[in-house]
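Undergrad: Once you've had a glance at the structure underneath, I'll fire off some questions.
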Amino acid sequence: PALTPNQLDVIQGDIWSKGFPKHNETYYLFKIAPGSATAFAQCLRKMVVDQPELISNLKSTKKARDDIAAKKQRAEAASKLGQPNGKPEKLHMSFALIAFTYKGLNMLNEVRKTDPAFSNGMKSDGDALNDPITGLDPLLANADEIHGLIKVAGCSNGSVNGRLGKIQAALQRGTVIQDVPGGTEGRLDGATREKPFRGKEHFGFEDGISQPLMNGIDDTPPSPDSEAHALYNMDTEQSILIVTGTTRHENSSARRPDWMHDGSFLVFRKLEQDVKAFRQLTASFATYQCESAAHMGAKLMGRWPSGAPLALQAYNTTDAPPADHGKVKVMNNFGYPTDGGDKEPACPFAAHIRKTNPRRFGDWGLNSGDQGLKFAKMIRSGISYGPDYADSEPAGLQRGLLFACYQAFIEDGFQHMQASWSNKTYFPKSDSGLDPIIGQVPEGEVLKTVITNRTAHIEVPITTPLVTFRGGEYFFVPSIAALKGALTE
Ligand code: HEM
């Protein structure tokens with residue numbers, strides 16, 4: 001079923017393929033002060049009722065996105081007519097979301113353990129995910145202290161700080177809530193990169209292209225028998241894979257209580273990126289029979305920096321995007337055809353986007369019993385942090401991705417993708433190698449990926465990891481209705 005108008009009112013506004021518009025963003029981690037659970041519930045309820053604009057719902061995000069699109073269109077039309085004012089107007093906007101760890105929720109209510117990954121926390125999953133336990137950001141190292149998260153996005157640091165300040169005031173920061181210790185005011189800040197890298201993550205690739213669509217807020221899904229339908233990957237009802245509600249596990253005893261409906265689980269991970277290591281690896285392209293460093297990078301990611309899928313543009317070293325660049329439909333209008341027998345020349349099986357979304361897997365009939373092929377879906381909503389890399393930079397600068405994703409089941413979404421796909425060589429078929437971008441191996445082992453071309457499968461050892469986990473946690477993002485009732489059953 002499509003999302004109802006009521007759901008657009010109560011689902012928090014970042015849980016959507018388009019998510020909060022943002023240039024700047026902060027993740028503020030808080031704990032509920034000892035003995036303050038009741039006071040916290042009161043403040044929360046009062047905030048959501050008296051200042052409903054502070055926590056954004058889907059309707060407000062959608063409206064903001066529509067306004068931005070309309071302004072852009074007006075500006076483009078004006079500039080075509082040669083009128084001044086051809087630049088898009090600056091929009092002063094900010095958005096916020098609130099989420100809780102299991103520990104935090106449990107301070108407010110006795111919470112049923114319906115979702116084991118969530119109730120055990122990310123640290124308990126560390127072995128399955130091959131997460132390192134050292135080198136964590138101090139703010140995230142002591143996950144036991146984290147009860148909640150406020151994510152604020154906006155057009156500038158000023159707008160982010162302004163909204164965060166209002167929410168902190170409503171929740172009585174300093175008395176009722178406290179900053180999680182170990183960092184600067186409990187915050188991790190990110191920002192979209194400046195032109196000409198806007199929209200690109202630190203390795204230089206366009207991000208945020210392929211997302212599950214939700215019926216009722218995204219454009220009408222294509223009809224089930226059209227080609228576009230399969231390409232859109234709308235064959236499963238995506239909203240139930242993202243928004244919590246009726247469980248897909250039919251015989252599950254773990255039925256979620258009503259207050260957990262219309263929420264989503266947020267997986268948050270600080271992932272440091274080693275741009276120098278990425279460049280060094282791609283500079284060794286000749287060893288791996290690639291045409292250029294850019295070609296090698298595209299083999300690792302599965303897309304060219306422009307976002308053009310390797311599956312459509314195998315050898316186009318000009319990196320030209322598809323004709324209708326920018327239209328998500330076109331950028332996602334591809335599968336992984338079987339033109340190389342059991343070799344796939346264009347896009348290696350291990351490429352990041354192929355590992356995390358093998359698309360039309362039926363063509364291959366390989367490992368098609370993997371339940372994840374139907375259910376492993378997530379909406380990603382990360383943001384870059386840290387300065388751009390420069391060869392001449394002083395040692396010690398750090399950068400990466402504040403990775404965030406939403407799903408209705410952590411076990412089906414993030415956990416499945418990371419542990420059973422990216423970290424395993426047998427997916428999507430045997431000897432595929434690990435995901436070169438996010439794959440993780442146990443400490444002391446070397447991550448190996450495999451690059452394919454028309455004639456060969458070549459193993460690539462990645463001696464310096466391109467991405468390193470610096471801590472994170474699992475959160476639940478309740479519906480605004482649940483916040484109003486301060487989460488009672
Ligand atoms: C897609 C980069 C972490 C899951 C992409 C894309 C890029 C990218 C450039 C292509 C753009 C797009 O389709 O939107 C990165 C980097 C990461 C990172 C640099 C770490 C620093 C992760 C993690 C996961 C993940 C931790 C999940 C476990 C996905 C998925 C897609 C994707 C599901 C879309 C695949 C598709 O539908 O074709 N990523 N990513 N990524 N990534 Fe990541």
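Chain labels A, B, ... are given in the sequence in which chains occur in the structure tokens; within each chain residues are numbered consecutively from 1, and ligands are likewise numbered from 1 in the order shown.
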So which residues are near ligand 1, meaning at most 6 Å away with only C-alpha atoms and all ligand atoms counted, given back as a PyMOL selection string?
TA: chain A and resi 201+205-210+271+273+353+356-357+400-401+414+417-418+438+467
Undergrad: Determine which residues of stretch 69-313 of chain A DSSP labels as strand (DSSP E or B) from the backbone of this structure, then write them out as a ChimeraX atom specification.
TA: /A:94-100,148-154,173,177-179,184,187-191,200,206,215,218,264-273,303,309
Undergrad: Using only C-alpha atoms, can you tell me which of A:Leu397, A:Arg380, A:Lys270, A:Ala39 comes closest to A:Gly135?
TA: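 Smallest distance to A:Gly135 is found for A:Lys270.
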Undergrad: Please report the interatomic distance between atom CA of A:Arg256 and atom CA of A:Leu3 in Å with one decimal.
TA: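 Spanning atom CA of A:Arg256 to atom CA of A:Leu3 is a straight-line distance of 18.8 Å.
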Undergrad: If you measure from atom CA of A:Tyr27 to atom CA of A:Gln12, what distance in Å do you get, rounded to one decimal?
TA: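 Going from atom CA of A:Tyr27 over to atom CA of A:Gln12 covers 15.5 Å.
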Undergrad: At a cut-off of 8 Å, using only C-alpha atoms, what residues contact A:Ile146? Leave out same-chain residues fewer than 4 positions from it and give the result as a PyMOL selection string.
TA: chain A and resi 29-31+101+103-104+142+180
Undergrad: Give me, please, the distance in Å between atom CA of A:Gly372 and atom CA of A:Thr452, quoted to one decimal.
TA: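 Atom CA of A:Thr452 lies at a distance of 23.8 Å from atom CA of A:Gly372.
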Undergrad: Using only C-alpha atoms, determine which residues lie at most 10 Å from stretch 64-70 of chain A, disregarding the query and same-chain residues fewer than 2 positions distant; provide the list as a list in words.
TA: Lys18, Gly19, Phe20, Pro21, Leu58, Lys59, Ser60, Thr61, Lys62, Lys72, Gln73, Arg74, Ala75, Glu76, Pro88, Glu89, Lys90, Leu91, Met93, Ser94 and Phe95 of chain A
